[in-house]
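Asker: I am attaching a structure below and will ask some questions about it afterwards.
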Amino acid sequence: TEIYNYNTVSSNDAGYIISSTPGEVKKYDFSTESISTNPTGFSLQSSSFMGEGTAAGTNIKVRQPRQNYGQIGYLVGGRFPPGFPTNTFTKCGISRLDLSSDSYNTSAVTDLPYQIRCVSRLHSSNIDGYIIGNQAPANGGYSYVTKLNFTSETHSSLDNLSEKRYSYASAQNSSYGYMIGGNKSPSTPPAFLSSIDRMEFSTDIVSIPPNTLPTEVNLAEGIQSQYNAYIIGGVVPPSTYDCTIRRMDFSTETFSTLTDGISPGRRSVAAVASSTDAYLAGGYRYITQDTYYSTINKLNFSTDSISSALTSTLPAGRDGIASMENERFGYFLGGAAYPTHYNDGTKMEFSNDTGTTYPIPGSVGHMGAMKNSN
(Lines give C-alpha, C1' and ligand atoms only; values in the text may rest on other atoms or scores of the structure.)
Protein backbone atom coordinates (compact mmCIF):
# COMPACT_ATOMS: atom_id res chain seq x y z
CA THR A 1 0.00 0.00 0.00
CA GLU A 2 1.15 3.56 -0.63
CA ILE A 3 1.83 5.72 2.42
CA TYR A 4 3.06 9.27 2.56
CA ASN A 5 3.61 12.46 4.59
CA TYR A 6 5.79 10.85 7.20
CA ASN A 7 7.57 12.45 10.11
CA THR A 8 10.42 10.75 11.91
CA VAL A 9 12.21 10.82 15.26
CA SER A 10 14.85 8.62 16.85
CA SER A 11 16.41 7.31 20.03
CA ASN A 12 19.88 5.81 20.45
CA ASP A 13 18.67 2.45 19.20
CA ALA A 14 15.75 2.99 16.86
CA GLY A 15 14.01 5.46 14.58
CA TYR A 16 10.27 5.96 14.41
CA ILE A 17 8.62 6.74 11.06
CA ILE A 18 5.17 8.20 11.68
CA SER A 19 2.46 8.38 9.00
CA SER A 20 -1.25 8.89 8.61
CA THR A 21 -1.99 6.95 5.46
CA PRO A 22 -2.85 4.19 6.26
CA GLY A 23 -2.16 5.31 9.85
CA GLU A 24 0.84 3.54 11.34
CA VAL A 25 4.23 3.82 12.98
CA LYS A 26 7.26 1.95 11.69
CA LYS A 27 10.10 1.31 14.14
CA TYR A 28 13.54 1.12 12.47
CA ASP A 29 16.13 -0.78 14.53
CA PHE A 30 19.56 0.72 13.84
CA SER A 31 21.49 -2.39 14.94
CA THR A 32 19.68 -4.80 12.62
CA GLU A 33 18.37 -2.34 9.99
CA SER A 34 14.99 -4.05 10.32
CA ILE A 35 11.56 -2.43 10.47
CA SER A 36 8.52 -3.38 12.55
CA THR A 37 5.08 -1.80 12.20
CA ASN A 38 2.81 -0.06 14.72
CA PRO A 39 4.76 -0.26 18.00
CA THR A 40 2.43 2.50 19.23
CA GLY A 41 -0.44 2.47 16.78
CA PHE A 42 -1.07 6.21 16.50
CA SER A 43 -1.65 8.29 13.41
CA LEU A 44 -0.50 11.75 12.33
CA GLN A 45 0.33 13.44 9.05
CA SER A 46 2.56 16.40 8.24
CA SER A 47 3.39 17.01 11.88
CA SER A 48 6.81 17.83 13.26
CA PHE A 49 8.85 16.82 16.30
CA MET A 50 10.79 18.44 19.09
CA GLY A 51 12.46 16.82 22.06
CA GLU A 52 13.11 17.20 25.76
CA GLY A 53 16.66 18.02 26.81
CA THR A 54 18.69 16.18 29.42
CA ALA A 55 21.84 17.16 31.29
CA ALA A 56 23.82 14.52 29.46
CA GLY A 57 22.01 15.19 26.18
CA THR A 58 22.79 11.83 24.65
CA ASN A 59 19.57 10.02 23.89
CA ILE A 60 17.60 11.45 20.98
CA LYS A 61 18.52 13.61 18.04
CA VAL A 62 16.62 15.28 15.26
CA ARG A 63 18.72 15.78 12.13
CA GLN A 64 17.92 19.45 11.79
CA PRO A 65 18.55 21.31 13.94
CA ARG A 66 21.41 19.24 15.32
CA GLN A 67 20.56 18.87 18.99
CA ASN A 68 20.65 16.07 21.59
CA TYR A 69 17.42 15.22 23.38
CA GLY A 70 16.04 12.99 26.12
CA GLN A 71 13.56 10.15 25.84
CA ILE A 72 10.43 12.34 25.58
CA GLY A 73 9.44 14.02 22.34
CA TYR A 74 6.45 16.02 21.16
CA LEU A 75 4.62 15.84 17.83
CA VAL A 76 3.01 19.11 16.83
CA GLY A 77 0.12 19.83 14.47
CA GLY A 78 -0.26 18.01 11.18
CA ARG A 79 -3.29 16.47 9.49
CA PHE A 80 -5.72 13.69 10.19
CA PRO A 81 -5.92 10.93 7.58
CA PRO A 82 -8.16 11.47 4.53
CA GLY A 83 -11.82 10.81 5.29
CA PHE A 84 -12.11 13.06 8.33
CA PRO A 85 -14.48 16.05 8.10
CA THR A 86 -12.91 19.06 6.42
CA ASN A 87 -13.00 21.16 9.58
CA THR A 88 -10.89 18.60 11.44
CA PHE A 89 -8.42 17.86 8.64
CA THR A 90 -5.76 20.14 10.13
CA LYS A 91 -4.62 19.52 13.70
CA CYS A 92 -3.93 21.87 16.61
CA GLY A 93 -2.78 19.13 18.98
CA ILE A 94 0.54 18.47 20.73
CA SER A 95 1.12 14.80 21.56
CA ARG A 96 3.81 13.28 23.76
CA LEU A 97 5.87 10.34 22.50
CA ASP A 98 7.90 8.35 25.07
CA LEU A 99 10.60 6.54 23.11
CA SER A 100 11.69 4.46 26.10
CA SER A 101 8.36 2.63 26.17
CA ASP A 102 6.92 3.21 22.69
CA SER A 103 3.95 4.93 24.35
CA TYR A 104 1.93 7.82 22.97
CA ASN A 105 -0.24 10.31 24.89
CA THR A 106 -2.56 12.75 23.13
CA SER A 107 -3.80 14.48 26.31
CA ALA A 108 -0.56 15.30 28.16
CA VAL A 109 -0.39 18.79 26.63
CA THR A 110 -3.32 21.09 25.87
CA ASP A 111 -4.01 21.89 22.23
CA LEU A 112 -2.59 24.94 20.53
CA PRO A 113 -5.11 27.77 20.08
CA TYR A 114 -4.65 27.50 16.29
CA GLN A 115 -4.53 24.74 13.69
CA ILE A 116 -1.20 24.07 12.03
CA ARG A 117 0.02 21.76 9.29
CA CYS A 118 3.09 21.05 7.16
CA VAL A 119 5.18 22.01 10.16
CA SER A 120 8.78 23.00 9.43
CA ARG A 121 11.56 21.56 11.55
CA LEU A 122 11.20 22.82 15.08
CA HIS A 123 13.78 24.57 17.20
CA SER A 124 14.57 23.45 20.74
CA SER A 125 16.82 24.44 23.59
CA ASN A 126 17.47 21.92 26.37
CA ILE A 127 14.43 23.11 28.34
CA ASP A 128 11.95 24.52 25.81
CA GLY A 129 10.63 23.90 22.33
CA TYR A 130 9.55 26.63 19.92
CA ILE A 131 6.74 26.37 17.36
CA ILE A 132 7.52 29.21 14.97
CA GLY A 133 5.37 30.37 12.06
CA ASN A 134 4.41 27.52 9.72
CA GLN A 135 1.39 26.84 7.56
CA ALA A 136 -2.23 27.67 8.31
CA PRO A 137 -5.16 25.46 7.18
CA ALA A 138 -5.97 27.68 4.16
CA ASN A 139 -2.37 27.50 2.87
CA GLY A 140 -1.31 30.88 4.22
CA GLY A 141 1.38 31.37 6.82
CA TYR A 142 1.38 32.19 10.53
CA SER A 143 3.52 34.69 12.41
CA TYR A 144 2.77 33.07 15.78
CA VAL A 145 5.55 31.95 18.13
CA THR A 146 4.62 29.46 20.86
CA LYS A 147 6.96 28.09 23.54
CA LEU A 148 6.46 24.66 25.09
CA ASN A 149 8.19 24.11 28.42
CA PHE A 150 9.32 20.50 28.62
CA THR A 151 9.14 20.32 32.44
CA SER A 152 5.62 21.64 32.96
CA GLU A 153 4.32 20.61 29.52
CA THR A 154 2.58 23.97 29.22
CA HIS A 155 2.81 26.36 26.30
CA SER A 156 2.71 30.13 26.13
CA SER A 157 2.55 32.72 23.37
CA LEU A 158 5.58 34.89 22.65
CA ASP A 159 5.99 37.93 20.44
CA ASN A 160 5.16 37.24 16.80
CA LEU A 161 7.60 36.92 13.95
CA SER A 162 8.25 40.00 11.85
CA GLU A 163 5.93 38.55 9.20
CA LYS A 164 4.09 35.36 8.29
CA ARG A 165 6.45 32.55 7.31
CA TYR A 166 6.33 28.89 6.23
CA SER A 167 8.37 26.53 4.02
CA TYR A 168 11.49 28.20 5.40
CA ALA A 169 14.97 26.76 5.85
CA SER A 170 15.91 26.06 9.48
CA ALA A 171 19.26 26.40 11.17
CA GLN A 172 20.33 26.46 14.81
CA ASN A 173 23.37 26.85 17.00
CA SER A 174 23.47 26.71 20.80
CA SER A 175 22.21 30.28 21.19
CA TYR A 176 19.81 30.96 18.35
CA GLY A 177 17.30 29.40 16.03
CA TYR A 178 17.07 30.86 12.53
CA MET A 179 14.06 30.89 10.19
CA ILE A 180 15.47 31.72 6.76
CA GLY A 181 13.46 32.69 3.69
CA GLY A 182 10.30 30.74 2.90
CA ASN A 183 6.86 31.91 1.88
CA LYS A 184 4.12 33.92 3.58
CA SER A 185 1.08 33.39 1.35
CA PRO A 186 -0.02 31.37 -1.71
CA SER A 187 -0.56 34.53 -3.71
CA THR A 188 0.21 35.11 -7.39
CA PRO A 189 2.98 36.05 -7.84
CA PRO A 190 4.25 34.05 -4.84
CA ALA A 191 5.16 35.99 -1.70
CA PHE A 192 8.62 34.47 -1.22
CA LEU A 193 10.85 35.87 1.53
CA SER A 194 14.49 36.89 1.83
CA SER A 195 14.19 37.97 5.45
CA ILE A 196 15.33 36.08 8.53
CA ASP A 197 13.81 35.78 11.98
CA ARG A 198 16.14 34.86 14.85
CA MET A 199 14.99 33.38 18.16
CA GLU A 200 17.32 33.87 21.12
CA PHE A 201 16.78 30.90 23.42
CA SER A 202 17.97 32.62 26.61
CA THR A 203 15.49 35.50 26.34
CA ASP A 204 12.69 34.17 24.09
CA ILE A 205 13.09 37.29 21.99
CA VAL A 206 12.58 37.18 18.24
CA SER A 207 14.68 39.72 16.37
CA ILE A 208 15.61 40.51 12.79
CA PRO A 209 19.32 40.20 12.00
CA PRO A 210 20.74 43.08 9.96
CA ASN A 211 21.50 40.86 6.97
CA THR A 212 19.08 39.04 4.70
CA LEU A 213 19.37 36.45 1.99
CA PRO A 214 20.59 37.96 -1.29
CA THR A 215 17.24 36.98 -2.85
CA GLU A 216 13.87 35.57 -1.84
CA VAL A 217 13.90 31.77 -1.72
CA ASN A 218 11.27 29.15 -0.89
CA LEU A 219 11.49 25.39 -0.33
CA ALA A 220 15.26 25.40 0.14
CA GLU A 221 16.99 22.73 2.21
CA GLY A 222 19.10 23.60 5.25
CA ILE A 223 22.10 21.70 6.60
CA GLN A 224 24.79 22.88 8.96
CA SER A 225 28.37 22.34 10.01
CA GLN A 226 29.78 23.43 13.33
CA TYR A 227 30.33 27.01 12.17
CA ASN A 228 28.00 27.62 9.22
CA ALA A 229 24.50 27.04 7.93
CA TYR A 230 24.07 26.12 4.26
CA ILE A 231 20.87 27.00 2.37
CA ILE A 232 20.60 24.76 -0.67
CA GLY A 233 18.61 25.38 -3.85
CA GLY A 234 14.90 26.15 -3.66
CA VAL A 235 12.62 28.32 -5.79
CA VAL A 236 13.34 32.03 -6.39
CA PRO A 237 11.10 34.64 -8.08
CA PRO A 238 9.31 34.50 -10.33
CA SER A 239 9.35 30.67 -10.28
CA THR A 240 12.95 29.75 -11.04
CA TYR A 241 14.56 26.60 -9.69
CA ASP A 242 17.76 27.75 -8.05
CA CYS A 243 21.17 26.08 -8.18
CA THR A 244 22.76 28.35 -5.56
CA ILE A 245 24.17 27.30 -2.19
CA ARG A 246 24.28 30.16 0.29
CA ARG A 247 26.37 29.98 3.46
CA MET A 248 25.56 31.83 6.67
CA ASP A 249 28.45 32.30 9.11
CA PHE A 250 27.01 31.81 12.59
CA SER A 251 29.57 34.15 14.16
CA THR A 252 28.74 37.17 11.95
CA GLU A 253 25.32 36.19 10.55
CA THR A 254 26.51 37.21 7.11
CA PHE A 255 25.78 35.40 3.87
CA SER A 256 28.08 34.45 1.07
CA THR A 257 27.40 32.51 -2.11
CA LEU A 258 29.48 29.45 -2.83
CA THR A 259 31.25 29.26 -6.15
CA ASP A 260 29.88 25.77 -6.60
CA GLY A 261 26.16 24.98 -6.64
CA ILE A 262 23.79 22.13 -7.39
CA SER A 263 23.23 21.47 -11.07
CA PRO A 264 20.64 21.74 -12.35
CA GLY A 265 18.79 24.04 -9.95
CA ARG A 266 15.98 22.37 -8.02
CA ARG A 267 13.97 22.40 -4.81
CA SER A 268 13.34 19.86 -2.03
CA VAL A 269 16.86 18.43 -2.02
CA ALA A 270 17.56 16.04 0.88
CA ALA A 271 20.76 16.41 2.90
CA VAL A 272 22.77 14.45 5.46
CA ALA A 273 26.10 15.42 6.98
CA SER A 274 29.20 13.82 8.43
CA SER A 275 31.60 15.91 10.48
CA THR A 276 33.38 17.01 7.29
CA ASP A 277 30.89 16.86 4.41
CA ALA A 278 27.24 17.19 3.46
CA TYR A 279 25.63 14.81 0.97
CA LEU A 280 22.88 16.30 -1.20
CA ALA A 281 20.43 13.93 -2.89
CA GLY A 282 17.43 14.04 -5.18
CA GLY A 283 15.13 17.01 -5.66
CA TYR A 284 12.53 18.28 -8.11
CA ARG A 285 12.08 20.89 -10.85
CA TYR A 286 9.43 21.64 -13.45
CA ILE A 287 10.21 23.38 -16.72
CA THR A 288 8.10 21.71 -19.39
CA GLN A 289 7.47 18.58 -17.34
CA ASP A 290 8.03 17.17 -13.86
CA THR A 291 11.66 16.12 -13.41
CA TYR A 292 12.95 14.24 -10.37
CA TYR A 293 16.64 13.67 -9.66
CA SER A 294 18.55 10.66 -8.36
CA THR A 295 22.06 12.14 -8.18
CA ILE A 296 24.06 12.53 -4.97
CA ASN A 297 26.69 15.27 -4.64
CA LYS A 298 29.09 15.94 -1.78
CA LEU A 299 29.69 19.39 -0.26
CA ASN A 300 32.98 19.68 1.61
CA PHE A 301 32.75 21.97 4.64
CA SER A 302 36.45 22.90 4.61
CA THR A 303 36.61 24.02 0.98
CA ASP A 304 32.91 24.76 0.30
CA SER A 305 33.29 22.83 -2.94
CA ILE A 306 30.79 20.49 -4.57
CA SER A 307 31.90 17.21 -6.08
CA SER A 308 30.73 15.90 -9.38
CA ALA A 309 27.86 13.48 -8.99
CA LEU A 310 29.01 10.46 -7.00
CA THR A 311 29.00 7.05 -8.61
CA SER A 312 26.36 5.99 -6.12
CA THR A 313 22.86 7.35 -6.81
CA LEU A 314 19.34 6.94 -5.50
CA PRO A 315 17.56 4.02 -7.21
CA ALA A 316 15.25 6.51 -9.00
CA GLY A 317 14.66 10.25 -9.14
CA ARG A 318 12.47 11.63 -6.33
CA ASP A 319 11.79 14.34 -3.78
CA GLY A 320 10.05 14.13 -0.40
CA ILE A 321 12.98 12.10 0.94
CA ALA A 322 13.58 11.46 4.63
CA SER A 323 17.20 11.84 5.67
CA MET A 324 19.10 10.87 8.80
CA GLU A 325 22.67 10.07 9.74
CA ASN A 326 24.90 8.58 12.41
CA GLU A 327 28.67 8.82 12.72
CA ARG A 328 29.31 6.34 9.90
CA PHE A 329 26.34 6.46 7.56
CA GLY A 330 23.76 8.75 6.02
CA TYR A 331 20.34 7.39 5.11
CA PHE A 332 18.00 8.59 2.35
CA LEU A 333 14.62 6.91 2.85
CA GLY A 334 11.63 6.61 0.54
CA GLY A 335 10.46 9.65 -1.37
CA ALA A 336 8.09 10.22 -4.25
CA ALA A 337 7.92 11.04 -7.94
CA TYR A 338 4.22 11.75 -8.12
CA PRO A 339 2.15 9.60 -8.25
CA THR A 340 4.75 6.94 -7.37
CA HIS A 341 5.89 6.54 -3.76
CA TYR A 342 9.06 4.53 -3.22
CA ASN A 343 9.73 1.64 -0.86
CA ASP A 344 13.53 1.70 -0.71
CA GLY A 345 16.33 3.43 1.14
CA THR A 346 19.92 4.28 0.28
CA LYS A 347 22.61 3.97 2.96
CA MET A 348 25.64 6.17 2.21
CA GLU A 349 28.91 5.13 3.86
CA PHE A 350 30.83 8.30 4.67
CA SER A 351 34.28 6.67 4.62
CA ASN A 352 34.11 5.65 0.95
CA ASP A 353 31.07 7.50 -0.51
CA THR A 354 29.43 4.20 -1.37
CA GLY A 355 25.65 3.85 -1.37
CA THR A 356 23.76 0.62 -0.72
CA THR A 357 20.06 0.21 -1.51
CA TYR A 358 17.71 -1.83 0.66
CA PRO A 359 13.90 -2.26 0.82
CA ILE A 360 11.47 -0.51 3.16
CA PRO A 361 8.07 -2.13 3.87
CA GLY A 362 5.42 -0.07 2.08
CA SER A 363 5.94 2.89 -0.22
CA VAL A 364 6.79 6.11 1.56
CA GLY A 365 7.14 9.71 0.44
CA HIS A 366 7.33 13.25 1.78
CA MET A 367 8.93 12.21 5.04
CA GLY A 368 10.50 14.20 7.82
CA ALA A 369 14.01 13.57 9.08
CA MET A 370 15.79 12.02 12.06
CA LYS A 371 19.26 11.65 13.53
CA ASN A 372 20.78 8.67 15.34
CA SER A 373 23.20 9.64 18.11
CA ASN A 374 25.33 6.50 17.90
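Chain labels A, B, ... are given in the sequence in which chains occur in the C-alpha coordinates; within each chain residues are numbered consecutively from 1, and ligands are likewise numbered from 1 in the order shown.
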Neighbours of A:Ile262 within 10 Å (only C-alpha atoms; same-chain residues fewer than 4 positions away dropped), as a PyMOL selection string?
Answerer: chain A and resi 232-233+242-245+266+269+280-281+296-299+306-309
Asker: Atom CA of A:Leu258 and atom CA of A:Asn228 are how many Å apart?
Answerer: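 Atom CA of A:Leu258 sits 12.3 Å away from atom CA of A:Asn228.
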Asker: Env of A:Asp344: 7 Å cut, atoms = only C-alpha atoms, seq-sep filter 5 positions within chain, self excluded. Answer as a PDB file with N, CA, C and O atoms, in the first residue's frame.
Answerer:
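Result file follows (around21.pdb):
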ATOM      1  N   LEU A 333      15.691   7.888   2.744  1.00  0.00           N
ATOM      2  CA  LEU A 333      14.619   6.911   2.851  1.00  0.00           C
ATOM      3  C   LEU A 333      13.397   7.339   2.048  1.00  0.00           C
ATOM      4  O   LEU A 333      12.920   8.469   2.157  1.00  0.00           O
ATOM      5  N   GLY A 334      12.883   6.399   1.246  1.00  0.00           N
ATOM      6  CA  GLY A 334      11.632   6.609   0.544  1.00  0.00           C
ATOM      7  C   GLY A 334      11.683   7.776  -0.417  1.00  0.00           C
ATOM      8  O   GLY A 334      12.661   8.006  -1.118  1.00  0.00           O
ATOM      9  N   THR A 357      21.519   0.114  -1.498  1.00  0.00           N
ATOM     10  CA  THR A 357      20.060   0.209  -1.512  1.00  0.00           C
ATOM     11  C   THR A 357      19.458  -0.996  -0.812  1.00  0.00           C
ATOM     12  O   THR A 357      19.927  -2.123  -0.965  1.00  0.00           O
ATOM     13  N   TYR A 358      18.403  -0.752  -0.031  1.00  0.00           N
ATOM     14  CA  TYR A 358      17.710  -1.832   0.657  1.00  0.00           C
ATOM     15  C   TYR A 358      16.221  -1.499   0.705  1.00  0.00           C
ATOM     16  O   TYR A 358      15.824  -0.338   0.604  1.00  0.00           O
ATOM     17  N   PRO A 359      15.346  -2.509   0.863  1.00  0.00           N
ATOM     18  CA  PRO A 359      13.902  -2.265   0.817  1.00  0.00           C
ATOM     19  C   PRO A 359      13.360  -1.718   2.134  1.00  0.00           C
ATOM     20  O   PRO A 359      13.906  -1.954   3.207  1.00  0.00           O
ATOM     21  N   ILE A 360      12.259  -0.967   2.020  1.00  0.00           N
ATOM     22  CA  ILE A 360      11.473  -0.505   3.164  1.00  0.00           C
ATOM     23  C   ILE A 360      10.068  -1.050   2.981  1.00  0.00           C
ATOM     24  O   ILE A 360       9.502  -0.931   1.898  1.00  0.00           O
TER      25      ILE A 360
END
Asker: Pick from A:Ser31, A:Ser174, A:Asn218, A:Thr154: nearest to A:Gly234, with only C-alpha atoms counted?
Answerer: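 Nearest to A:Gly234: A:Asn218.
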